[in-house]
Each structure stands twice: as structure tokens, then as C-alpha cells.
Amino acid sequence: KNEVEQSPQNLTAQEGEFITINCSYSVGISALHWLQQHPGGGIVSLFMLSSGKKKHGRLIATINIQEKHSSLHITASHPRDSAVYICAVSPGYGGSEKLVFGKGTKLTVNP
Amino acid sequence: EPEVTQTPSHQVTQMGQEVILRCVPISNHLYFYWYRQILGQKVEFLVSFYNNEISEKSEIFDDQFSVERPDGSNFTLKIRSTKLEDSAMYFCASKLEYEQYFGPGTRLTVT
């Protein structure tokens, strides 16, 4: 069983649309991360959350610890937002704080 | 802005050969990680390294794998005898306290 589940797997949107990507996890965590992976492969950290909500530009991330669920929202989407968005968690058992990754959501924003 | 660097960007090797993948983490970071991503699959944790020793390793990280921080700046992953199934993108990451910063990855192709 995957510890981190994302939905949808693929998402196509028109420029300007509001995007939501969901993440559910089954383990206790110390933090949840949203990451962006571009076609070249590089991974960039967008957010790290342990509670509540964070906003950076057009990106908003929320987490509900009780429900073990997080969402990433993109407002006014743009073709340059096209990428794979990955949810990852740091399991909260006090180890090395490795990341456990979801499979990612491939977002395509058409002009 | 400081960044994690990795060399080479692409390595092609024959089955059974040894490879060393190199990473230069951000200079004041304390925790170091290797992850891999087989094409089309999710990113998987291999090993974490702190205070000059392995702090955690996954089932994937068997006796064929080793890590070193030989000189206080480089962080290397060695695969002693490569197999076809070792073909993947290998990512190095480092962190000071909370957020992990990823390198651009090394694509390893085993033929």
C-alpha cells in the first residue's frame, strides 16, 4: 500500500483556470512537502507544511492533520506551471526525516 | 543563491561496472540524502547521512551501494557492480534543518 496517494494522476487545464491537486497519506508525519519536477527532471521544493496554510505567489498549500490530507492550489494557471507536482511526507517517527514520495500529478496548462 | 550540484549529468556504464555519482551539497548543510527515480516511477529514498555516518537506509540500499563524504564538501554514491535495474535518475539532497534542497540529478544508464 502506498503511504502517499495523489489525485489526479494527470490534469489538463486551460490558462487562467484554478487548479487543485490532492494528497492523502496514511502515516504519522512531522511535515508534508510539495515539490515541482520539470521535464528535465530537476526537483524544486515549493512548500513545507506541518499545519494550516501557506501561500507563495499564485500557489497555496493547505494541510489537515486530523484528516491526513493536503491540497495544492494554483490560481490563474499559466502554461509555465506545466510540470509534475509531487507530494512527499517526512514520516514522524524521528528518523532521518527522509522523504516518502507520492507518484506525482502531471499538470498541463494549455494557452 | 547556494545550490546542490551533481556530476556527471549523464553516465552510461556497462553491467557489472562500478560507478561513482558525485554531489556537492550546500556548504553549511548537515544532512545529506540520495534518492532515485526509475523512469516513469516515483522518487524513492536510498540513504541518509549525518555526522559522517549513515543514519537510515532503505531496502534498496544493499551491499552493492555505499556512500562517502571524503573531504567535507563532496558526497558520493558508489554502486559496486551495476545491474540493468540500477538505471535511473539519482538525486542528491541536503538540508540544514527543515527543507531539503535537491540537486539536478544524474541519469544513470546501465547497458
# chains A, B, ... in the order shown; residues from 1 in each chain; ligands from 1
call {"tool": "residues_around", "arguments": {"residues": "B:Thr5", "least_positions_apart": "6", "cutoff": "6 Å", "atoms": "only C-alpha atoms", "output": "VMD selection string"}}
result
chain B and resid 23 to 24 103
call {"tool": "interface_residues", "arguments": {"of": "chain B", "to": "chain A", "cutoff": "8 Å", "atoms": "only C-alpha atoms", "output": "ChimeraX atom specification"}}
result
/B:33,41-45,48,55-56,99-105
call {"tool": "write_last_selection", "arguments": {"atoms": "N, CA, C and O atoms", "output": "PDB file, in the first residue's frame"}}
result
ATOM      1  N   TYR B  33      21.290  13.253   1.558  1.00  0.00           N
ATOM      2  CA  TYR B  33      20.400  12.171   1.122  1.00  0.00           C
ATOM      3  C   TYR B  33      20.708  11.788  -0.326  1.00  0.00           C
ATOM      4  O   TYR B  33      21.118  12.633  -1.130  1.00  0.00           O
ATOM      5  N   GLN B  41       8.462   6.154 -12.665  1.00  0.00           N
ATOM      6  CA  GLN B  41       8.046   5.769 -11.318  1.00  0.00           C
ATOM      7  C   GLN B  41       8.275   6.915 -10.331  1.00  0.00           C
ATOM      8  O   GLN B  41       8.814   7.959 -10.684  1.00  0.00           O
ATOM      9  N   LYS B  42       7.863   6.677  -9.103  1.00  0.00           N
ATOM     10  CA  LYS B  42       8.030   7.730  -8.102  1.00  0.00           C
ATOM     11  C   LYS B  42       9.453   7.766  -7.580  1.00  0.00           C
ATOM     12  O   LYS B  42      10.218   6.809  -7.747  1.00  0.00           O
ATOM     13  N   VAL B  43       9.788   8.861  -6.954  1.00  0.00           N
ATOM     14  CA  VAL B  43      11.101   9.011  -6.335  1.00  0.00           C
ATOM     15  C   VAL B  43      11.152   8.130  -5.078  1.00  0.00           C
ATOM     16  O   VAL B  43      10.191   8.082  -4.300  1.00  0.00           O
ATOM     17  N   GLU B  44      12.295   7.438  -4.905  1.00  0.00           N
ATOM     18  CA  GLU B  44      12.451   6.529  -3.756  1.00  0.00           C
ATOM     19  C   GLU B  44      13.676   6.917  -2.945  1.00  0.00           C
ATOM     20  O   GLU B  44      14.728   7.248  -3.503  1.00  0.00           O
ATOM     21  N   PHE B  45      13.555   6.819  -1.658  1.00  0.00           N
ATOM     22  CA  PHE B  45      14.665   7.086  -0.737  1.00  0.00           C
ATOM     23  C   PHE B  45      15.683   5.944  -0.788  1.00  0.00           C
ATOM     24  O   PHE B  45      15.323   4.772  -0.802  1.00  0.00           O
ATOM     25  N   SER B  48      20.294   8.139   3.996  1.00  0.00           N
ATOM     26  CA  SER B  48      20.555   9.450   4.585  1.00  0.00           C
ATOM     27  C   SER B  48      21.859   9.385   5.379  1.00  0.00           C
ATOM     28  O   SER B  48      22.259   8.315   5.868  1.00  0.00           O
ATOM     29  N   SER B  55      22.550   7.418   8.629  1.00  0.00           N
ATOM     30  CA  SER B  55      21.535   7.482   9.678  1.00  0.00           C
ATOM     31  C   SER B  55      20.338   6.596   9.354  1.00  0.00           C
ATOM     32  O   SER B  55      19.655   6.133  10.263  1.00  0.00           O
ATOM     33  N   GLU B  56      20.086   6.365   8.076  1.00  0.00           N
ATOM     34  CA  GLU B  56      18.997   5.476   7.695  1.00  0.00           C
ATOM     35  C   GLU B  56      19.241   5.019   6.263  1.00  0.00           C
ATOM     36  O   GLU B  56      19.796   5.764   5.461  1.00  0.00           O
ATOM     37  N   GLU B  99      14.157  22.115   5.408  1.00  0.00           N
ATOM     38  CA  GLU B  99      13.842  21.940   3.992  1.00  0.00           C
ATOM     39  C   GLU B  99      14.994  21.268   3.262  1.00  0.00           C
ATOM     40  O   GLU B  99      16.155  21.644   3.426  1.00  0.00           O
ATOM     41  N   GLN B 100      14.637  20.255   2.432  1.00  0.00           N
ATOM     42  CA  GLN B 100      15.663  19.593   1.628  1.00  0.00           C
ATOM     43  C   GLN B 100      15.808  20.308   0.288  1.00  0.00           C
ATOM     44  O   GLN B 100      14.813  20.660  -0.352  1.00  0.00           O
ATOM     45  N   TYR B 101      17.059  20.481  -0.128  1.00  0.00           N
ATOM     46  CA  TYR B 101      17.357  21.087  -1.415  1.00  0.00           C
ATOM     47  C   TYR B 101      17.943  20.006  -2.324  1.00  0.00           C
ATOM     48  O   TYR B 101      18.875  19.305  -1.927  1.00  0.00           O
ATOM     49  N   PHE B 102      17.375  19.908  -3.514  1.00  0.00           N
ATOM     50  CA  PHE B 102      17.751  18.829  -4.422  1.00  0.00           C
ATOM     51  C   PHE B 102      18.745  19.294  -5.479  1.00  0.00           C
ATOM     52  O   PHE B 102      18.669  20.422  -5.972  1.00  0.00           O
ATOM     53  N   GLY B 103      19.633  18.389  -5.845  1.00  0.00           N
ATOM     54  CA  GLY B 103      20.483  18.613  -6.998  1.00  0.00           C
ATOM     55  C   GLY B 103      19.722  18.308  -8.278  1.00  0.00           C
ATOM     56  O   GLY B 103      18.598  17.788  -8.231  1.00  0.00           O
ATOM     57  N   PRO B 104      20.324  18.604  -9.431  1.00  0.00           N
ATOM     58  CA  PRO B 104      19.643  18.417 -10.712  1.00  0.00           C
ATOM     59  C   PRO B 104      19.554  16.956 -11.154  1.00  0.00           C
ATOM     60  O   PRO B 104      18.837  16.640 -12.098  1.00  0.00           O
ATOM     61  N   GLY B 105      20.282  16.070 -10.475  1.00  0.00           N
ATOM     62  CA  GLY B 105      20.200  14.646 -10.782  1.00  0.00           C
ATOM     63  C   GLY B 105      21.294  14.174 -11.731  1.00  0.00           C
ATOM     64  O   GLY B 105      21.851  14.951 -12.508  1.00  0.00           O
TER      65      GLY B 105
END
call {"tool": "residues_around", "arguments": {"residues": "B:Gly72", "least_positions_apart": "5", "cutoff": "10 Å", "atoms": "only C-alpha atoms", "output": "PyMOL selection string"}}
result
chain B and resi 24-25+27+52
call {"tool": "write_last_selection", "arguments": {"atoms": "C-alpha atoms", "output": "tab-separated table (two decimals), in the first residue's frame"}}
result
chain	number	residue	atom	x	y	z
B	24	VAL	CA	28.38	18.82	-3.71
B	25	PRO	CA	25.79	19.75	-1.08
B	27	SER	CA	28.17	24.16	2.27
B	52	ASN	CA	29.75	11.25	8.99
call {"tool": "select_by_dssp", "arguments": {"residues": "chain B", "states": "strand (DSSP E)", "output": "PyMOL selection string"}}
result
chain B and resi 5-7+10-13+19-24+31-37+43-50+53-57+65-68+75-79+88-95+101-102+106-110
call {"tool": "residues_around", "arguments": {"residues": "A:Ser82", "least_positions_apart": "6", "cutoff": "12 Å", "atoms": "only C-alpha atoms", "output": "compact mmCIF listing (two decimals) with N, CA and C atoms, in the first residue's frame"}}
result
# COMPACT_ATOMS: atom_id res chain seq x y z
N ASN A 10 -3.16 12.78 -13.71
CA ASN A 10 -2.95 13.71 -14.81
C ASN A 10 -4.03 14.76 -14.77
N LEU A 11 -3.66 15.98 -15.15
CA LEU A 11 -4.61 17.09 -15.11
C LEU A 11 -4.28 18.03 -16.26
N THR A 12 -5.28 18.30 -17.08
CA THR A 12 -5.11 19.26 -18.16
C THR A 12 -6.05 20.43 -17.91
N ALA A 13 -5.53 21.64 -18.02
CA ALA A 13 -6.32 22.83 -17.74
C ALA A 13 -6.08 23.87 -18.82
N GLN A 14 -7.01 24.80 -18.90
CA GLN A 14 -6.82 25.96 -19.77
C GLN A 14 -6.20 27.09 -18.96
N GLU A 15 -5.41 27.87 -19.63
CA GLU A 15 -4.77 29.01 -18.96
C GLU A 15 -5.82 29.84 -18.22
N ILE A 19 -6.56 25.47 -10.21
CA ILE A 19 -6.13 24.07 -10.18
C ILE A 19 -6.09 23.58 -8.73
N GLN A 36 8.03 20.42 -7.10
CA GLN A 36 7.73 20.56 -8.52
C GLN A 36 8.87 19.92 -9.31
N GLN A 37 8.51 19.09 -10.29
CA GLN A 37 9.54 18.46 -11.13
C GLN A 37 9.26 18.82 -12.58
N HIS A 38 10.24 19.46 -13.20
CA HIS A 38 10.11 19.87 -14.59
C HIS A 38 10.57 18.75 -15.51
N PRO A 39 10.22 18.84 -16.80
CA PRO A 39 10.55 17.76 -17.74
C PRO A 39 12.01 17.36 -17.74
N ILE A 74 -3.40 26.16 -7.44
CA ILE A 74 -2.75 27.15 -8.29
C ILE A 74 -3.84 28.06 -8.83
N THR A 105 1.53 14.33 -9.80
CA THR A 105 0.42 14.73 -10.67
C THR A 105 1.00 15.51 -11.82
N LYS A 106 0.77 15.00 -13.02
CA LYS A 106 1.29 15.71 -14.20
C LYS A 106 0.27 16.76 -14.64
N LEU A 107 0.67 18.02 -14.54
CA LEU A 107 -0.20 19.13 -14.90
C LEU A 107 0.23 19.71 -16.24
N THR A 108 -0.73 19.84 -17.14
CA THR A 108 -0.51 20.51 -18.41
C THR A 108 -1.48 21.67 -18.50
N VAL A 109 -0.95 22.87 -18.68
CA VAL A 109 -1.79 24.05 -18.82
C VAL A 109 -1.66 24.54 -20.26
N ASN A 110 -2.77 24.52 -20.96
CA ASN A 110 -2.77 24.94 -22.36
C ASN A 110 -3.11 26.41 -22.50
N PRO A 111 -2.47 27.08 -23.48
CA PRO A 111 -2.74 28.52 -23.66
C PRO A 111 -4.11 28.74 -24.26
call {"tool": "residues_around", "arguments": {"residues": "A:Gly28", "least_positions_apart": "3", "cutoff": "9 Å", "atoms": "only C-alpha atoms", "output": "VMD selection string"}}
result
chain A and resid 25 65 68 90 to 93
call {"tool": "write_last_selection", "arguments": {"atoms": "N, CA and C atoms", "output": "PDB file, in the first residue's frame"}}
result
ATOM      1  N   TYR A  25      -2.277  10.822   2.987  1.00  0.00           N
ATOM      2  CA  TYR A  25      -1.183   9.996   3.498  1.00  0.00           C
ATOM      3  C   TYR A  25      -1.692   9.149   4.653  1.00  0.00           C
ATOM      4  N   ILE A  65      -4.258  17.936   9.369  1.00  0.00           N
ATOM      5  CA  ILE A  65      -3.530  16.862  10.037  1.00  0.00           C
ATOM      6  C   ILE A  65      -4.482  15.755  10.495  1.00  0.00           C
ATOM      7  N   LYS A  68      -5.421  13.749   7.573  1.00  0.00           N
ATOM      8  CA  LYS A  68      -4.242  13.285   6.828  1.00  0.00           C
ATOM      9  C   LYS A  68      -4.395  13.631   5.344  1.00  0.00           C
ATOM     10  N   SER A  90       7.532  13.601   5.471  1.00  0.00           N
ATOM     11  CA  SER A  90       8.590  13.162   6.378  1.00  0.00           C
ATOM     12  C   SER A  90       7.901  12.348   7.460  1.00  0.00           C
ATOM     13  N   PRO A  91       8.080  11.008   7.460  1.00  0.00           N
ATOM     14  CA  PRO A  91       7.433  10.188   8.486  1.00  0.00           C
ATOM     15  C   PRO A  91       7.847  10.637   9.878  1.00  0.00           C
ATOM     16  N   GLY A  92       6.880  10.672  10.790  1.00  0.00           N
ATOM     17  CA  GLY A  92       7.134  11.310  12.079  1.00  0.00           C
ATOM     18  C   GLY A  92       7.650  10.424  13.173  1.00  0.00           C
ATOM     19  N   TYR A  93       8.486   9.453  12.815  1.00  0.00           N
ATOM     20  CA  TYR A  93       8.993   8.574  13.862  1.00  0.00           C
ATOM     21  C   TYR A  93      10.360   8.992  14.361  1.00  0.00           C
TER      22      TYR A  93
END
call {"tool": "residues_around", "arguments": {"residues": "B:Ile20", "least_positions_apart": "6", "cutoff": "10 Å", "atoms": "only C-alpha atoms", "output": "MDAnalysis selection string"}}
result
chainID B and resid 7:8 11 65:67 76:80
call {"tool": "write_last_selection", "arguments": {"atoms": "C-alpha atoms", "output": "PDB file, in the first residue's frame"}}
result
ATOM      1  CA  THR B   7      28.185  15.296 -11.638  1.00  0.00           C
ATOM      2  CA  PRO B   8      28.021  13.841 -14.157  1.00  0.00           C
ATOM      3  CA  GLN B  11      26.526   8.385 -17.013  1.00  0.00           C
ATOM      4  CA  PHE B  65      25.779   0.577  -2.585  1.00  0.00           C
ATOM      5  CA  SER B  66      27.981   2.774  -0.426  1.00  0.00           C
ATOM      6  CA  VAL B  67      28.213   6.459   0.416  1.00  0.00           C
ATOM      7  CA  THR B  76      29.372  10.339  -3.230  1.00  0.00           C
ATOM      8  CA  LEU B  77      27.235   7.326  -4.028  1.00  0.00           C
ATOM      9  CA  LYS B  78      29.090   4.264  -5.274  1.00  0.00           C
ATOM     10  CA  ILE B  79      27.452   1.289  -6.944  1.00  0.00           C
ATOM     11  CA  ARG B  80      29.967  -1.554  -6.963  1.00  0.00           C
TER      12      ARG B  80
END
call {"tool": "decode", "arguments": {"residues": "stretch 20-34 of chain A", "atoms": "all heavy atoms", "output": "tab-separated table (two decimals), in the first residue's frame"}}
result
chain	number	residue	atom	x	y	z
A	20	THR	N	-6.54	22.36	-8.51
A	20	THR	CA	-6.38	21.73	-7.19
A	20	THR	C	-5.79	20.34	-7.36
A	20	THR	O	-6.29	19.55	-8.15
A	20	THR	CB	-7.71	21.63	-6.44
A	20	THR	OG1	-8.20	22.94	-6.17
A	20	THR	CG2	-7.54	20.89	-5.12
A	21	ILE	N	-4.76	20.06	-6.61
A	21	ILE	CA	-4.15	18.73	-6.57
A	21	ILE	C	-4.23	18.24	-5.12
A	21	ILE	O	-3.94	19.01	-4.20
A	21	ILE	CB	-2.68	18.77	-7.03
A	21	ILE	CG1	-2.60	19.27	-8.47
A	21	ILE	CG2	-2.02	17.40	-6.90
A	21	ILE	CD1	-1.19	19.58	-8.95
A	22	ASN	N	-4.65	17.00	-4.96
A	22	ASN	CA	-4.87	16.47	-3.62
A	22	ASN	C	-3.85	15.41	-3.24
A	22	ASN	O	-3.32	14.69	-4.09
A	22	ASN	CB	-6.27	15.86	-3.53
A	22	ASN	CG	-7.34	16.90	-3.69
A	22	ASN	OD1	-7.43	17.83	-2.90
A	22	ASN	ND2	-8.14	16.77	-4.74
A	23	CYS	N	-3.60	15.32	-1.94
A	23	CYS	CA	-2.65	14.36	-1.40
A	23	CYS	C	-3.20	13.80	-0.10
A	23	CYS	O	-3.61	14.57	0.79
A	23	CYS	CB	-1.32	15.06	-1.15
A	23	CYS	SG	-0.07	14.03	-0.35
A	24	SER	N	-3.22	12.48	0.01
A	24	SER	CA	-3.59	11.81	1.26
A	24	SER	C	-2.45	10.93	1.70
A	24	SER	O	-1.76	10.35	0.86
A	24	SER	CB	-4.85	10.95	1.06
A	24	SER	OG	-5.94	11.75	0.71
A	25	TYR	N	-2.28	10.82	2.99
A	25	TYR	CA	-1.18	10.00	3.50
A	25	TYR	C	-1.69	9.15	4.65
A	25	TYR	O	-2.70	9.47	5.29
A	25	TYR	CB	0.01	10.86	3.91
A	25	TYR	CG	-0.32	11.97	4.88
A	25	TYR	CD1	-0.23	11.77	6.25
A	25	TYR	CD2	-0.73	13.21	4.42
A	25	TYR	CE1	-0.53	12.77	7.14
A	25	TYR	CE2	-1.04	14.23	5.31
A	25	TYR	CZ	-0.94	14.01	6.66
A	25	TYR	OH	-1.26	15.02	7.54
A	26	SER	N	-1.00	8.05	4.90
A	26	SER	CA	-1.51	7.07	5.86
A	26	SER	C	-0.65	6.95	7.10
A	26	SER	O	-1.00	6.20	8.02
A	26	SER	CB	-1.64	5.70	5.19
A	26	SER	OG	-0.39	5.29	4.69
A	27	VAL	N	0.46	7.67	7.16
A	27	VAL	CA	1.38	7.53	8.29
A	27	VAL	C	1.42	8.83	9.08
A	27	VAL	O	1.03	9.88	8.57
A	27	VAL	CB	2.80	7.18	7.81
A	27	VAL	CG1	2.82	5.82	7.14
A	27	VAL	CG2	3.36	8.24	6.88
A	28	GLY	N	1.88	8.73	10.33
A	28	GLY	CA	2.12	9.96	11.09
A	28	GLY	C	3.29	10.70	10.47
A	28	GLY	O	4.25	10.08	10.02
A	29	ILE	N	3.18	12.01	10.42
A	29	ILE	CA	4.23	12.78	9.76
A	29	ILE	C	4.71	13.91	10.65
A	29	ILE	O	4.01	14.38	11.55
A	29	ILE	CB	3.76	13.36	8.40
A	29	ILE	CG1	2.66	14.41	8.60
A	29	ILE	CG2	3.30	12.24	7.48
A	29	ILE	CD1	2.35	15.21	7.35
A	30	SER	N	5.93	14.35	10.38
A	30	SER	CA	6.41	15.58	11.01
A	30	SER	C	6.23	16.77	10.08
A	30	SER	O	6.14	17.90	10.53
A	30	SER	CB	7.88	15.44	11.42
A	30	SER	OG	8.67	15.13	10.30
A	31	ALA	N	6.18	16.50	8.77
A	31	ALA	CA	5.95	17.58	7.80
A	31	ALA	C	5.52	16.99	6.47
A	31	ALA	O	5.79	15.82	6.18
A	31	ALA	CB	7.22	18.41	7.60
A	32	LEU	N	4.84	17.82	5.68
A	32	LEU	CA	4.45	17.45	4.32
A	32	LEU	C	5.06	18.46	3.37
A	32	LEU	O	5.11	19.66	3.67
A	32	LEU	CB	2.92	17.44	4.20
A	32	LEU	CG	2.36	17.01	2.83
A	32	LEU	CD1	1.12	16.15	3.01
A	32	LEU	CD2	2.09	18.20	1.95
A	33	HIS	N	5.54	17.97	2.24
A	33	HIS	CA	6.21	18.82	1.27
A	33	HIS	C	5.49	18.75	-0.07
A	33	HIS	O	5.04	17.69	-0.48
A	33	HIS	CB	7.65	18.34	1.05
A	33	HIS	CG	8.47	18.25	2.31
A	33	HIS	ND1	9.48	19.13	2.61
A	33	HIS	CD2	8.42	17.38	3.34
A	33	HIS	CE1	10.02	18.80	3.77
A	33	HIS	NE2	9.40	17.75	4.25
A	34	TRP	N	5.41	19.89	-0.73
A	34	TRP	CA	5.00	19.93	-2.13
A	34	TRP	C	6.23	20.31	-2.95
A	34	TRP	O	6.93	21.29	-2.63
A	34	TRP	CB	3.87	20.92	-2.35
A	34	TRP	CG	2.53	20.40	-1.92
A	34	TRP	CD1	1.86	20.70	-0.78
A	34	TRP	CD2	1.70	19.47	-2.64
A	34	TRP	NE1	0.67	20.02	-0.73
A	34	TRP	CE2	0.54	19.27	-1.87
A	34	TRP	CE3	1.81	18.80	-3.86
A	34	TRP	CZ2	-0.50	18.42	-2.26
A	34	TRP	CZ3	0.80	17.97	-4.26
A	34	TRP	CH2	-0.35	17.78	-3.47
